[in-house]
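Below is one structure, written out as structure tokens; the observations come after it.
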Amino acid sequence: MRSDAVQRDGAPLWLRLAAGAGLLFLHLPILLIFVYAFSTEDDSFTWPPPGLTLQWFGAAWERPDIWEALGLSLRVAAISTAVALVLGTLCAAAVARSRFFGRETVSLLVILPIALPGIITGISLRSAFHLGDVPFGFWTIVLGHATFCVVVVYNNAVARFRRVSGNLVEASMDLGATYGQTLRHVILPNIATALLAGGMLAFALSFDEVIVTTFTAGNQATLPIWMLEELVRPRERPVTNVVAMVVVLVTFLPILGAYYLTRGTDTVAGSGK
């Protein structure tokens with residue numbers, strides 16, 4: 001009865017105000033970026049903006065360096081996500097469905113890259129590539145991003161595997177299904193939304209990654225790296241704000257989709273981040 005009354009009455013006013021203040025504190029800087037993307041001023045940030053214009057969107061559209069950086073970010077994110085889906089799902093299946101010595105240690109080692117500071121991961125990868133005489137470029141960026149993308153997919157997949165009854169697989173095999181048929185008709189339908197949510201989150205994390213990319217990119221620049229360089233040596237600051245707005249939208253949509261895919265279940269999308 002008490003629980004029902006609390007649900008009917010809702011949170012107290014002071015708690016709702018505190019939550020609203022916290023959300024405003026977190027998201028107001030992002031909203032300011034959106035406003036400055038339309039500012040007529042091109043060399044400083046003034047409030048309120050002296051005027052609003054769409055000219056910087058056209059300027060950003062005509063910059064070939066932006067398109068090159070955007071294309072690189074999309075390719076890296078897509079391949080890193082694909083690698084993470086394969087490796088993360090296999091690791092999750094092994095940990096959730098098997099009992100072996102060191103199982104918890106394996107789980108910890110899989111999650112560790114996303115728990116460590118990005119600069120530690122970046123320095124470690126750079127040292128490993130240097131010792132292996134691996135030239136820095138596209139594939140070193142992909143490998144660097146895959147280290148933390150695997151964790152996101154693993155977290156979602158292992159939670160879903162633990163919720164899927166092993167009796168379903170045994171029943172499928174008892175009825176004469178092959179391993180391939182069981183995977184296609186029993187396992188994948190039960191974990192599909194978790195894999196999709198994990199993949200979308202992995203794509204978003206890879207697309208806006210800066211620190212690990214800085215240590216593994218060599219002379220190439222993804223879109224976040226391009227933005228960082230433009231802030232150090234600004235030419236057209238509103239153009240940088242336009243690109244930042246695009247990055248926010250590209251990363252927000254997969255995260256929103258992952259939230260809706262895992263809403264109402266015990267699976268917490270991106271719980272390792």
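By convention here, the chains of the structure tokens are called A, B, ... in the order presented, each chain's residues are numbered starting at 1, and ligands are numbered starting at 1 in the order presented.
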
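By chain and then residue number, the residues within 9 Å of Val83 of chain A are Ala78, Ile79, Leu87, Gly88, Val142, Leu143, Ala146, Cys149 and Val150 of chain A, counting only C-alpha atoms and disregarding those fewer than 4 positions away in sequence.
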
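Note that atom CA of Arg160 of chain A and atom CA of Ile191 of chain A are 6.0 Å apart.
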
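With only C-alpha atoms as the atoms that count, the residue of A:Ile111, A:Leu72, A:Val153, A:Met173 with the shortest distance to Ala202 of chain A is A:Val153.
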
Query raised in the report: Got a sec: who's within 10 Å of Val242 of chain A, counting only C-alpha atoms, leaving out chain neighbours fewer than 3 positions off, as a ChimeraX atom specification?
Result: /A:33-38,54,56-61,237-239,245-248

Query raised in the report: Got a sec: who's within 10 Å of segment 209-213 of chain A, counting only C-alpha atoms, leaving out chain neighbours fewer than 3 positions off, as a VMD selection string?
Result: chain A and resid 73 77 117 to 126 140 to 142 144 to 145 147 to 148 204 to 206 216 to 218 220 to 228

Query raised in the report: Which parts of segment 130-249 of chain A does DSSP call helix (DSSP H, G or I) when run on the backbone here, written out as a PyMOL selection string?
Result: chain A and resi 130-131+138-163+166-174+179-207+211-216+223-232+237-249

Preceding selection exported with C-alpha atoms as a compact mmCIF listing (two decimals), in the first residue's frame:
```txt
# COMPACT_ATOMS: atom_id res chain seq x y z
CA HIS A 130 55.24 0.60 -32.10
CA LEU A 131 56.80 -2.61 -30.77
CA PHE A 138 42.98 3.34 -40.57
CA TRP A 139 43.31 -0.16 -39.12
CA THR A 140 45.10 0.96 -35.97
CA ILE A 141 42.18 3.31 -35.29
CA VAL A 142 39.74 0.44 -35.85
CA LEU A 143 41.63 -1.83 -33.46
CA GLY A 144 41.79 0.91 -30.86
CA HIS A 145 38.05 1.57 -31.04
CA ALA A 146 37.21 -2.12 -31.02
CA THR A 147 38.79 -2.49 -27.57
CA PHE A 148 35.98 -0.54 -25.91
CA CYS A 149 33.23 -1.31 -28.45
CA VAL A 150 33.55 -5.01 -27.57
CA VAL A 151 32.75 -4.18 -23.95
CA VAL A 152 29.47 -2.45 -24.82
CA VAL A 153 28.28 -5.35 -26.96
CA TYR A 154 29.46 -7.86 -24.35
CA ASN A 155 27.54 -6.14 -21.53
CA ASN A 156 24.27 -6.23 -23.46
CA ALA A 157 24.73 -9.72 -24.87
CA VAL A 158 25.78 -11.40 -21.62
CA ALA A 159 22.82 -9.90 -19.76
CA ARG A 160 20.43 -11.19 -22.41
CA PHE A 161 22.07 -14.64 -22.56
CA ARG A 162 21.55 -14.99 -18.81
CA ARG A 163 17.84 -14.25 -19.24
CA GLY A 166 19.02 -22.96 -21.66
CA ASN A 167 16.03 -25.31 -21.91
CA LEU A 168 15.08 -23.64 -25.19
CA VAL A 169 18.36 -24.67 -26.78
CA GLU A 170 18.11 -28.19 -25.37
CA ALA A 171 14.53 -28.54 -26.62
CA SER A 172 15.56 -27.37 -30.08
CA MET A 173 18.38 -29.93 -30.24
CA ASP A 174 16.10 -32.70 -28.89
CA TYR A 179 23.45 -26.12 -34.39
CA GLY A 180 22.89 -23.69 -37.25
CA GLN A 181 19.11 -24.00 -37.06
CA THR A 182 19.13 -23.54 -33.30
CA LEU A 183 21.30 -20.44 -33.64
CA ARG A 184 19.06 -19.00 -36.36
CA HIS A 185 15.61 -19.81 -34.99
CA VAL A 186 16.12 -19.87 -31.21
CA ILE A 187 19.19 -17.99 -30.02
CA LEU A 188 19.37 -15.04 -32.40
CA PRO A 189 15.67 -14.05 -32.09
CA ASN A 190 16.08 -13.94 -28.31
CA ILE A 191 19.24 -11.83 -28.29
CA ALA A 192 18.63 -9.73 -31.43
CA THR A 193 17.47 -6.56 -29.66
CA ALA A 194 20.35 -6.74 -27.18
CA LEU A 195 22.85 -7.07 -30.04
CA LEU A 196 21.22 -4.21 -31.94
CA ALA A 197 21.28 -1.99 -28.86
CA GLY A 198 24.91 -2.89 -28.14
CA GLY A 199 25.87 -2.27 -31.76
CA MET A 200 24.19 1.13 -31.82
CA LEU A 201 25.93 2.18 -28.62
CA ALA A 202 29.27 0.89 -29.90
CA PHE A 203 28.82 2.91 -33.11
CA ALA A 204 28.03 6.06 -31.13
CA LEU A 205 31.04 5.61 -28.83
CA SER A 206 33.37 4.96 -31.75
CA PHE A 207 32.08 7.91 -33.75
CA ILE A 211 41.57 10.16 -26.70
CA VAL A 212 42.26 6.66 -28.04
CA THR A 213 42.11 8.01 -31.61
CA THR A 214 44.75 10.61 -30.81
CA PHE A 215 47.25 7.87 -29.96
CA THR A 216 46.39 5.48 -32.81
CA LEU A 223 35.72 14.14 -37.19
CA PRO A 224 36.29 14.62 -33.42
CA ILE A 225 40.04 15.01 -34.03
CA TRP A 226 39.28 17.55 -36.77
CA MET A 227 37.14 19.51 -34.30
CA LEU A 228 39.91 19.46 -31.71
CA GLU A 229 42.44 20.78 -34.21
CA GLU A 230 40.03 23.52 -35.31
CA LEU A 231 39.58 24.68 -31.73
CA VAL A 232 43.35 24.93 -31.29
CA ARG A 237 34.39 28.86 -35.16
CA PRO A 238 30.70 28.65 -36.13
CA VAL A 239 31.64 25.97 -38.69
CA THR A 240 33.15 23.96 -35.84
CA ASN A 241 29.90 24.41 -33.92
CA VAL A 242 27.93 23.14 -36.92
CA VAL A 243 30.10 20.02 -37.05
CA ALA A 244 29.73 19.59 -33.28
CA MET A 245 25.97 19.72 -33.71
CA VAL A 246 26.17 16.97 -36.32
CA VAL A 247 28.28 14.83 -33.97
CA VAL A 248 25.74 15.30 -31.17
CA LEU A 249 22.87 14.24 -33.44
```

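Interatomic distance, atom CA of Arg63 of chain A to atom CA of Ile30 of chain A: 23.2 Å.
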
Report summary line: Correct to one decimal, the distance atom CA of Ser39 of chain A-atom CA of Ile255 of chain A is 28.2 Å
